[in-house]
Amino acid sequence: MERDHLIRLLAGGGSVHSLSRSALSAGATYQVWPETVPVQGLLSVYARRERSVRRSGQNSIGFAEAVSDLRDYRGSDVLIGFIDDRKRGGYYFQLFVEPAFARIVACLGVGPPRRNGAS
């Protein structure tokens, strides 16, 4: 998937879309794999991850919304991708894309782990 196309797909949406689009525009590393993944299997995996991130207090954005968006998605499969903005101190974004590359189904961001004793 071309960077410019992905930037266009991330237009609109909420703050997680805006942050991921900004990261991509700034040159963050990204990838969208060409193999589809069944949504049904992703739901339980990402629901568990969301609970784990919440319990640990790790900084995240859009996680619960992404799980809800995956649950509401009417298709059976998605493509998985990422945008990695951690070099700039940003988030690692997980993307779920329609197989036809027509829209972002869901997007979430996970921040770096919190350091113990950090102020």
# chains A, B, ... in the order shown; residues from 1 in each chain; ligands from 1

call {"tool": "residues_around", "arguments": {"residues": "Ser22 of chain A", "least_positions_apart": "5", "cutoff": "10 Å", "atoms": "only C-alpha atoms", "output": "list in words"}}
result
Ile7, Leu10, Val16, His17, Gly27, Ala28 and Asp85 of chain A

call {"tool": "write_last_selection", "arguments": {"atoms": "C-alpha atoms", "output": "JSON list (two decimals), in the first residue's frame"}}
result
[["chain", "number", "residue", "atom", "x", "y", "z"],
["A", 7, "ILE", "CA", -2.69, 8.89, 4.45],
["A", 10, "LEU", "CA", -6.74, 8.00, 7.56],
["A", 16, "VAL", "CA", -6.16, 8.18, 16.65],
["A", 17, "HIS", "CA", -6.60, 8.58, 12.89],
["A", 27, "GLY", "CA", 7.96, 9.53, 7.63],
["A", 28, "ALA", "CA", 7.17, 6.86, 10.23],
["A", 85, "ASP", "CA", 6.06, 6.43, 15.39]]

call {"tool": "closest_residue", "arguments": {"among": "A:Leu108, A:Val37, A:Ala11, A:Ile80", "to": "Ser60 of chain A", "atoms": "only C-alpha atoms"}}
result
A:Leu108

call {"tool": "residues_around", "arguments": {"residues": "Ala102 of chain A", "least_positions_apart": "6", "cutoff": "12 Å", "atoms": "only C-alpha atoms", "output": "ChimeraX atom specification"}}
result
/A:1,5-6,8-10,78-79,96

call {"tool": "write_last_selection", "arguments": {"atoms": "N, CA, C and O atoms", "output": "PDB file, in the first residue's frame"}}
result
ATOM      1  N   MET A   1       0.854  -1.166   0.000  1.00  0.00           N
ATOM      2  CA  MET A   1       0.000   0.000   0.000  1.00  0.00           C
ATOM      3  C   MET A   1       0.902   1.231   0.000  1.00  0.00           C
ATOM      4  O   MET A   1       1.833   1.323   0.792  1.00  0.00           O
ATOM      5  N   HIS A   5      -1.758   6.810  -0.278  1.00  0.00           N
ATOM      6  CA  HIS A   5      -3.090   6.201  -0.221  1.00  0.00           C
ATOM      7  C   HIS A   5      -3.505   5.965   1.231  1.00  0.00           C
ATOM      8  O   HIS A   5      -4.645   6.250   1.624  1.00  0.00           O
ATOM      9  N   LEU A   6      -2.579   5.467   2.031  1.00  0.00           N
ATOM     10  CA  LEU A   6      -2.881   5.217   3.438  1.00  0.00           C
ATOM     11  C   LEU A   6      -3.171   6.535   4.165  1.00  0.00           C
ATOM     12  O   LEU A   6      -4.093   6.610   4.980  1.00  0.00           O
ATOM     13  N   ARG A   8      -4.532   9.148   2.867  1.00  0.00           N
ATOM     14  CA  ARG A   8      -5.904   9.530   2.482  1.00  0.00           C
ATOM     15  C   ARG A   8      -6.942   8.701   3.239  1.00  0.00           C
ATOM     16  O   ARG A   8      -7.983   9.235   3.653  1.00  0.00           O
ATOM     17  N   LEU A   9      -6.682   7.408   3.424  1.00  0.00           N
ATOM     18  CA  LEU A   9      -7.631   6.562   4.158  1.00  0.00           C
ATOM     19  C   LEU A   9      -7.772   6.989   5.612  1.00  0.00           C
ATOM     20  O   LEU A   9      -8.812   6.776   6.226  1.00  0.00           O
ATOM     21  N   LEU A  10      -6.714   7.579   6.162  1.00  0.00           N
ATOM     22  CA  LEU A  10      -6.739   7.997   7.560  1.00  0.00           C
ATOM     23  C   LEU A  10      -7.350   9.381   7.762  1.00  0.00           C
ATOM     24  O   LEU A  10      -7.471   9.844   8.892  1.00  0.00           O
ATOM     25  N   VAL A  78      -9.924  -8.857   7.269  1.00  0.00           N
ATOM     26  CA  VAL A  78      -9.247  -7.567   7.159  1.00  0.00           C
ATOM     27  C   VAL A  78      -7.766  -7.817   6.866  1.00  0.00           C
ATOM     28  O   VAL A  78      -7.262  -8.931   7.024  1.00  0.00           O
ATOM     29  N   LEU A  79      -7.107  -6.768   6.455  1.00  0.00           N
ATOM     30  CA  LEU A  79      -5.654  -6.750   6.360  1.00  0.00           C
ATOM     31  C   LEU A  79      -5.137  -6.082   7.624  1.00  0.00           C
ATOM     32  O   LEU A  79      -5.785  -5.177   8.161  1.00  0.00           O
ATOM     33  N   PHE A  96      -6.335  -1.916  10.859  1.00  0.00           N
ATOM     34  CA  PHE A  96      -7.144  -2.990  10.303  1.00  0.00           C
ATOM     35  C   PHE A  96      -7.818  -2.397   9.072  1.00  0.00           C
ATOM     36  O   PHE A  96      -8.593  -1.445   9.193  1.00  0.00           O
TER      37      PHE A  96
END

call {"tool": "residues_around", "arguments": {"residues": "segment 86-92 of chain A", "least_positions_apart": "2", "cutoff": "10 Å", "atoms": "only C-alpha atoms", "output": "VMD selection string"}}
result
chain A and resid 16 19 to 20 23 26 28 to 30 59 to 61 82 to 84 94 to 95 108 to 112

call {"tool": "residues_around", "arguments": {"residues": "Pro99 of chain A", "least_positions_apart": "6", "cutoff": "12 Å", "atoms": "only C-alpha atoms", "output": "tab-separated table (two decimals) with all heavy atoms, in the first residue's frame"}}
result
chain	number	residue	atom	x	y	z
A	1	MET	N	0.85	-1.17	0.00
A	1	MET	CA	0.00	0.00	0.00
A	1	MET	C	0.90	1.23	0.00
A	1	MET	O	1.83	1.32	0.79
A	1	MET	CB	-0.90	-0.02	1.23
A	1	MET	CG	-1.73	1.23	1.39
A	1	MET	SD	-2.90	1.16	2.76
A	1	MET	CE	-4.28	0.44	1.94
A	32	VAL	N	1.52	-2.73	5.56
A	32	VAL	CA	0.22	-3.41	5.54
A	32	VAL	C	0.47	-4.72	4.82
A	32	VAL	O	0.92	-4.73	3.68
A	32	VAL	CB	-0.87	-2.58	4.82
A	32	VAL	CG1	-2.18	-3.37	4.75
A	32	VAL	CG2	-1.09	-1.25	5.52
A	33	TRP	N	0.22	-5.82	5.52
A	33	TRP	CA	0.47	-7.13	4.93
A	33	TRP	C	-0.64	-7.52	3.96
A	33	TRP	O	-1.81	-7.21	4.20
A	33	TRP	CB	0.62	-8.18	6.03
A	33	TRP	CG	1.92	-8.01	6.75
A	33	TRP	CD1	3.13	-8.49	6.35
A	33	TRP	CD2	2.14	-7.30	7.96
A	33	TRP	NE1	4.10	-8.11	7.26
A	33	TRP	CE2	3.52	-7.38	8.25
A	33	TRP	CE3	1.32	-6.59	8.83
A	33	TRP	CZ2	4.08	-6.80	9.37
A	33	TRP	CZ3	1.88	-6.00	9.95
A	33	TRP	CH2	3.25	-6.11	10.20
A	34	PRO	N	-0.31	-8.20	2.87
A	34	PRO	CA	-1.30	-8.52	1.84
A	34	PRO	C	-2.22	-9.69	2.18
A	34	PRO	O	-3.22	-9.90	1.50
A	34	PRO	CB	-0.45	-8.85	0.61
A	34	PRO	CG	0.85	-9.34	1.18
A	34	PRO	CD	1.05	-8.56	2.46
A	35	GLU	N	-1.92	-10.45	3.22
A	35	GLU	CA	-2.75	-11.60	3.57
A	35	GLU	C	-3.91	-11.16	4.46
A	35	GLU	O	-3.72	-10.40	5.39
A	35	GLU	CB	-1.93	-12.66	4.34
A	35	GLU	CG	-0.76	-13.22	3.58
A	35	GLU	CD	0.50	-12.35	3.65
A	35	GLU	OE1	0.59	-11.48	4.55
A	35	GLU	OE2	1.36	-12.51	2.77
A	36	THR	N	-5.09	-11.66	4.15
A	36	THR	CA	-6.25	-11.33	4.98
A	36	THR	C	-6.26	-12.20	6.23
A	36	THR	O	-5.71	-13.30	6.26
A	36	THR	CB	-7.57	-11.53	4.21
A	36	THR	OG1	-7.67	-12.89	3.80
A	36	THR	CG2	-7.65	-10.61	3.01
A	37	VAL	N	-6.90	-11.66	7.26
A	37	VAL	CA	-7.02	-12.34	8.55
A	37	VAL	C	-8.49	-12.30	8.94
A	37	VAL	O	-9.13	-11.25	8.84
A	37	VAL	CB	-6.17	-11.61	9.62
A	37	VAL	CG1	-6.33	-12.25	10.98
A	37	VAL	CG2	-4.71	-11.55	9.21
A	38	PRO	N	-9.04	-13.44	9.39
A	38	PRO	CA	-10.45	-13.45	9.81
A	38	PRO	C	-10.69	-12.53	11.01
A	38	PRO	O	-9.97	-12.59	12.00
A	38	PRO	CB	-10.72	-14.91	10.19
A	38	PRO	CG	-9.61	-15.69	9.57
A	38	PRO	CD	-8.44	-14.77	9.47
A	39	VAL	N	-11.70	-11.69	10.91
A	39	VAL	CA	-12.03	-10.74	11.97
A	39	VAL	C	-12.42	-11.49	13.24
A	39	VAL	O	-12.06	-11.06	14.35
A	39	VAL	CB	-13.16	-9.79	11.52
A	39	VAL	CG1	-13.67	-8.95	12.68
A	39	VAL	CG2	-12.68	-8.90	10.40
A	75	GLY	N	-17.69	-7.20	7.20
A	75	GLY	CA	-16.88	-8.11	6.40
A	75	GLY	C	-16.35	-9.26	7.25
A	75	GLY	O	-16.43	-9.23	8.47
A	76	SER	N	-15.80	-10.25	6.59
A	76	SER	CA	-15.29	-11.40	7.33
A	76	SER	C	-13.78	-11.34	7.56
A	76	SER	O	-13.27	-11.96	8.49
A	76	SER	CB	-15.63	-12.70	6.60
A	76	SER	OG	-15.06	-12.69	5.30
A	77	ASP	N	-13.06	-10.58	6.73
A	77	ASP	CA	-11.60	-10.52	6.81
A	77	ASP	C	-11.12	-9.08	6.73
A	77	ASP	O	-11.79	-8.22	6.17
A	77	ASP	CB	-10.97	-11.30	5.65
A	77	ASP	CG	-11.34	-12.77	5.65
A	77	ASP	OD1	-11.20	-13.41	6.70
A	77	ASP	OD2	-11.77	-13.26	4.59
A	78	VAL	N	-9.92	-8.86	7.27
A	78	VAL	CA	-9.25	-7.57	7.16
A	78	VAL	C	-7.77	-7.82	6.87
A	78	VAL	O	-7.26	-8.93	7.02
A	78	VAL	CB	-9.36	-6.72	8.45
A	78	VAL	CG1	-10.78	-6.25	8.68
A	78	VAL	CG2	-8.80	-7.44	9.65
A	79	LEU	N	-7.11	-6.77	6.46
A	79	LEU	CA	-5.65	-6.75	6.36
A	79	LEU	C	-5.14	-6.08	7.62
A	79	LEU	O	-5.79	-5.18	8.16
A	79	LEU	CB	-5.20	-5.95	5.14
A	79	LEU	CG	-5.72	-6.43	3.79
A	79	LEU	CD1	-5.41	-5.41	2.71
A	79	LEU	CD2	-5.11	-7.78	3.44
A	80	ILE	N	-3.99	-6.51	8.09
A	80	ILE	CA	-3.40	-5.91	9.28
A	80	ILE	C	-2.17	-5.12	8.88
A	80	ILE	O	-1.39	-5.55	8.02
A	80	ILE	CB	-3.02	-7.00	10.31
A	80	ILE	CG1	-4.28	-7.71	10.80
A	80	ILE	CG2	-2.26	-6.39	11.49
A	80	ILE	CD1	-4.00	-8.81	11.78
A	81	GLY	N	-2.00	-3.99	9.51
A	81	GLY	CA	-0.83	-3.17	9.26
A	81	GLY	C	-0.43	-2.41	10.50
A	81	GLY	O	-1.07	-2.51	11.55
A	105	VAL	N	-10.83	0.00	8.79
A	105	VAL	CA	-11.91	-0.56	9.61
A	105	VAL	C	-11.73	-0.12	11.06
A	105	VAL	O	-12.67	0.27	11.73
A	105	VAL	CB	-11.94	-2.10	9.51
A	105	VAL	CG1	-12.93	-2.70	10.48
A	105	VAL	CG2	-12.23	-2.53	8.08

call {"tool": "closest_residue", "arguments": {"among": "A:Ser52, A:Gln58, A:Gln31, A:Val45", "to": "Pro113 of chain A", "atoms": "only C-alpha atoms"}}
result
A:Gln58

call {"tool": "atom_distance", "arguments": {"atom1": "atom CA of Gly41 of chain A", "atom2": "atom CA of Ala100 of chain A"}}
result
19.7 Å

call {"tool": "closest_residue", "arguments": {"among": "A:Phe93, A:Arg103, A:Ala64, A:Asp72", "to": "Arg21 of chain A", "atoms": "only C-alpha atoms"}}
result
A:Phe93

call {"tool": "atom_distance", "arguments": {"atom1": "atom CA of Gly13 of chain A", "atom2": "atom CA of Arg74 of chain A"}}
result
18.4 Å

call {"tool": "closest_residue", "arguments": {"among": "A:Gln40, A:Arg71, A:Glu65, A:Val53", "to": "Gly14 of chain A", "atoms": "only C-alpha atoms"}}
result
A:Glu65

call {"tool": "atom_distance", "arguments": {"atom1": "atom CA of Ala47 of chain A", "atom2": "atom CA of Gly12 of chain A"}}
result
24.6 Å

call {"tool": "select_by_dssp", "arguments": {"residues": "segment 35-74 of chain A", "states": "alpha helix (DSSP H)", "output": "ChimeraX atom specification"}}
result
/A:39-56,63-72

call {"tool": "select_by_dssp", "arguments": {"residues": "segment 56-90 of chain A", "states": "strand (DSSP E or B)", "output": "JSON, numbers by chain"}}
result
{"A": [60, 61, 77, 78, 79, 80, 81, 82, 83, 84]}

call {"tool": "decode", "arguments": {"residues": "segment 71-84 of chain A", "atoms": "all heavy atoms", "output": "PDB file, in the first residue's frame"}}
result
ATOM      1  N   ARG A  71     -15.858  -5.410  15.906  1.00  0.00           N
ATOM      2  CA  ARG A  71     -17.079  -6.165  16.215  1.00  0.00           C
ATOM      3  C   ARG A  71     -18.219  -5.759  15.273  1.00  0.00           C
ATOM      4  O   ARG A  71     -18.999  -6.589  14.832  1.00  0.00           O
ATOM      5  CB  ARG A  71     -17.471  -5.922  17.667  1.00  0.00           C
ATOM      6  CG  ARG A  71     -18.582  -6.814  18.163  1.00  0.00           C
ATOM      7  CD  ARG A  71     -18.816  -6.674  19.659  1.00  0.00           C
ATOM      8  NE  ARG A  71     -17.691  -7.220  20.416  1.00  0.00           N
ATOM      9  CZ  ARG A  71     -16.872  -6.513  21.196  1.00  0.00           C
ATOM     10  NH1 ARG A  71     -17.045  -5.222  21.359  1.00  0.00           N
ATOM     11  NH2 ARG A  71     -15.890  -7.099  21.833  1.00  0.00           N
ATOM     12  N   ASP A  72     -18.295  -4.459  14.936  1.00  0.00           N
ATOM     13  CA  ASP A  72     -19.369  -3.949  14.086  1.00  0.00           C
ATOM     14  C   ASP A  72     -19.112  -4.144  12.593  1.00  0.00           C
ATOM     15  O   ASP A  72     -20.034  -3.998  11.786  1.00  0.00           O
ATOM     16  CB  ASP A  72     -19.586  -2.456  14.341  1.00  0.00           C
ATOM     17  CG  ASP A  72     -20.115  -2.175  15.737  1.00  0.00           C
ATOM     18  OD1 ASP A  72     -20.624  -3.113  16.392  1.00  0.00           O
ATOM     19  OD2 ASP A  72     -19.994  -1.014  16.181  1.00  0.00           O
ATOM     20  N   TYR A  73     -17.893  -4.461  12.228  1.00  0.00           N
ATOM     21  CA  TYR A  73     -17.522  -4.610  10.815  1.00  0.00           C
ATOM     22  C   TYR A  73     -18.314  -5.763  10.186  1.00  0.00           C
ATOM     23  O   TYR A  73     -18.419  -6.837  10.749  1.00  0.00           O
ATOM     24  CB  TYR A  73     -16.020  -4.860  10.726  1.00  0.00           C
ATOM     25  CG  TYR A  73     -15.483  -5.097   9.345  1.00  0.00           C
ATOM     26  CD1 TYR A  73     -15.649  -4.168   8.326  1.00  0.00           C
ATOM     27  CD2 TYR A  73     -14.783  -6.259   9.056  1.00  0.00           C
ATOM     28  CE1 TYR A  73     -15.131  -4.378   7.061  1.00  0.00           C
ATOM     29  CE2 TYR A  73     -14.258  -6.482   7.799  1.00  0.00           C
ATOM     30  CZ  TYR A  73     -14.440  -5.539   6.803  1.00  0.00           C
ATOM     31  OH  TYR A  73     -13.921  -5.764   5.545  1.00  0.00           O
ATOM     32  N   ARG A  74     -18.873  -5.528   9.018  1.00  0.00           N
ATOM     33  CA  ARG A  74     -19.725  -6.519   8.352  1.00  0.00           C
ATOM     34  C   ARG A  74     -18.946  -7.491   7.465  1.00  0.00           C
ATOM     35  O   ARG A  74     -19.482  -8.491   7.027  1.00  0.00           O
ATOM     36  CB  ARG A  74     -20.803  -5.818   7.523  1.00  0.00           C
ATOM     37  CG  ARG A  74     -21.754  -5.022   8.367  1.00  0.00           C
ATOM     38  CD  ARG A  74     -22.558  -5.939   9.253  1.00  0.00           C
ATOM     39  NE  ARG A  74     -23.408  -5.169  10.143  1.00  0.00           N
ATOM     40  CZ  ARG A  74     -23.681  -5.549  11.374  1.00  0.00           C
ATOM     41  NH1 ARG A  74     -23.176  -6.650  11.851  1.00  0.00           N
ATOM     42  NH2 ARG A  74     -24.459  -4.821  12.133  1.00  0.00           N
ATOM     43  N   GLY A  75     -17.692  -7.195   7.195  1.00  0.00           N
ATOM     44  CA  GLY A  75     -16.879  -8.109   6.399  1.00  0.00           C
ATOM     45  C   GLY A  75     -16.355  -9.259   7.245  1.00  0.00           C
ATOM     46  O   GLY A  75     -16.435  -9.229   8.473  1.00  0.00           O
ATOM     47  N   SER A  76     -15.801 -10.255   6.593  1.00  0.00           N
ATOM     48  CA  SER A  76     -15.285 -11.404   7.335  1.00  0.00           C
ATOM     49  C   SER A  76     -13.781 -11.335   7.560  1.00  0.00           C
ATOM     50  O   SER A  76     -13.270 -11.958   8.491  1.00  0.00           O
ATOM     51  CB  SER A  76     -15.630 -12.703   6.596  1.00  0.00           C
ATOM     52  OG  SER A  76     -15.058 -12.687   5.295  1.00  0.00           O
ATOM     53  N   ASP A  77     -13.064 -10.582   6.735  1.00  0.00           N
ATOM     54  CA  ASP A  77     -11.605 -10.522   6.812  1.00  0.00           C
ATOM     55  C   ASP A  77     -11.115  -9.081   6.729  1.00  0.00           C
ATOM     56  O   ASP A  77     -11.795  -8.219   6.173  1.00  0.00           O
ATOM     57  CB  ASP A  77     -10.967 -11.298   5.650  1.00  0.00           C
ATOM     58  CG  ASP A  77     -11.339 -12.766   5.652  1.00  0.00           C
ATOM     59  OD1 ASP A  77     -11.200 -13.411   6.699  1.00  0.00           O
ATOM     60  OD2 ASP A  77     -11.767 -13.261   4.593  1.00  0.00           O
ATOM     61  N   VAL A  78      -9.924  -8.857   7.269  1.00  0.00           N
ATOM     62  CA  VAL A  78      -9.247  -7.567   7.159  1.00  0.00           C
ATOM     63  C   VAL A  78      -7.766  -7.817   6.866  1.00  0.00           C
ATOM     64  O   VAL A  78      -7.262  -8.931   7.024  1.00  0.00           O
ATOM     65  CB  VAL A  78      -9.364  -6.715   8.451  1.00  0.00           C
ATOM     66  CG1 VAL A  78     -10.782  -6.254   8.681  1.00  0.00           C
ATOM     67  CG2 VAL A  78      -8.804  -7.444   9.654  1.00  0.00           C
ATOM     68  N   LEU A  79      -7.107  -6.768   6.455  1.00  0.00           N
ATOM     69  CA  LEU A  79      -5.654  -6.750   6.360  1.00  0.00           C
ATOM     70  C   LEU A  79      -5.137  -6.082   7.624  1.00  0.00           C
ATOM     71  O   LEU A  79      -5.785  -5.177   8.161  1.00  0.00           O
ATOM     72  CB  LEU A  79      -5.200  -5.948   5.138  1.00  0.00           C
ATOM     73  CG  LEU A  79      -5.722  -6.430   3.793  1.00  0.00           C
ATOM     74  CD1 LEU A  79      -5.412  -5.407   2.708  1.00  0.00           C
ATOM     75  CD2 LEU A  79      -5.107  -7.776   3.444  1.00  0.00           C
ATOM     76  N   ILE A  80      -3.989  -6.505   8.089  1.00  0.00           N
ATOM     77  CA  ILE A  80      -3.397  -5.912   9.284  1.00  0.00           C
ATOM     78  C   ILE A  80      -2.165  -5.125   8.880  1.00  0.00           C
ATOM     79  O   ILE A  80      -1.391  -5.548   8.015  1.00  0.00           O
ATOM     80  CB  ILE A  80      -3.019  -6.998  10.312  1.00  0.00           C
ATOM     81  CG1 ILE A  80      -4.276  -7.706  10.803  1.00  0.00           C
ATOM     82  CG2 ILE A  80      -2.256  -6.388  11.488  1.00  0.00           C
ATOM     83  CD1 ILE A  80      -4.004  -8.814  11.783  1.00  0.00           C
ATOM     84  N   GLY A  81      -2.002  -3.990   9.513  1.00  0.00           N
ATOM     85  CA  GLY A  81      -0.829  -3.169   9.261  1.00  0.00           C
ATOM     86  C   GLY A  81      -0.431  -2.409  10.504  1.00  0.00           C
ATOM     87  O   GLY A  81      -1.070  -2.509  11.552  1.00  0.00           O
ATOM     88  N   PHE A  82       0.648  -1.642  10.377  1.00  0.00           N
ATOM     89  CA  PHE A  82       1.113  -0.831  11.489  1.00  0.00           C
ATOM     90  C   PHE A  82       1.758   0.450  10.973  1.00  0.00           C
ATOM     91  O   PHE A  82       2.182   0.530   9.820  1.00  0.00           O
ATOM     92  CB  PHE A  82       2.115  -1.595  12.364  1.00  0.00           C
ATOM     93  CG  PHE A  82       3.463  -1.771  11.718  1.00  0.00           C
ATOM     94  CD1 PHE A  82       4.459  -0.804  11.847  1.00  0.00           C
ATOM     95  CD2 PHE A  82       3.743  -2.903  10.963  1.00  0.00           C
ATOM     96  CE1 PHE A  82       5.694  -0.958  11.241  1.00  0.00           C
ATOM     97  CE2 PHE A  82       4.979  -3.070  10.364  1.00  0.00           C
ATOM     98  CZ  PHE A  82       5.963  -2.088  10.495  1.00  0.00           C
ATOM     99  N   ILE A  83       1.811   1.423  11.842  1.00  0.00           N
ATOM    100  CA  ILE A  83       2.595   2.635  11.661  1.00  0.00           C
ATOM    101  C   ILE A  83       3.375   2.794  12.956  1.00  0.00           C
ATOM    102  O   ILE A  83       2.790   2.821  14.038  1.00  0.00           O
ATOM    103  CB  ILE A  83       1.704   3.883  11.433  1.00  0.00           C
ATOM    104  CG1 ILE A  83       0.854   3.705  10.184  1.00  0.00           C
ATOM    105  CG2 ILE A  83       2.575   5.142  11.332  1.00  0.00           C
ATOM    106  CD1 ILE A  83      -0.244   4.751  10.041  1.00  0.00           C
ATOM    107  N   ASP A  84       4.690   2.867  12.851  1.00  0.00           N
ATOM    108  CA  ASP A  84       5.535   2.915  14.042  1.00  0.00           C
ATOM    109  C   ASP A  84       6.136   4.308  14.202  1.00  0.00           C
ATOM    110  O   ASP A  84       7.078   4.671  13.504  1.00  0.00           O
ATOM    111  CB  ASP A  84       6.638   1.858  13.934  1.00  0.00           C
ATOM    112  CG  ASP A  84       7.423   1.705  15.218  1.00  0.00           C
ATOM    113  OD1 ASP A  84       7.233   2.518  16.147  1.00  0.00           O
ATOM    114  OD2 ASP A  84       8.240   0.761  15.298  1.00  0.00           O
TER     115      ASP A  84
END
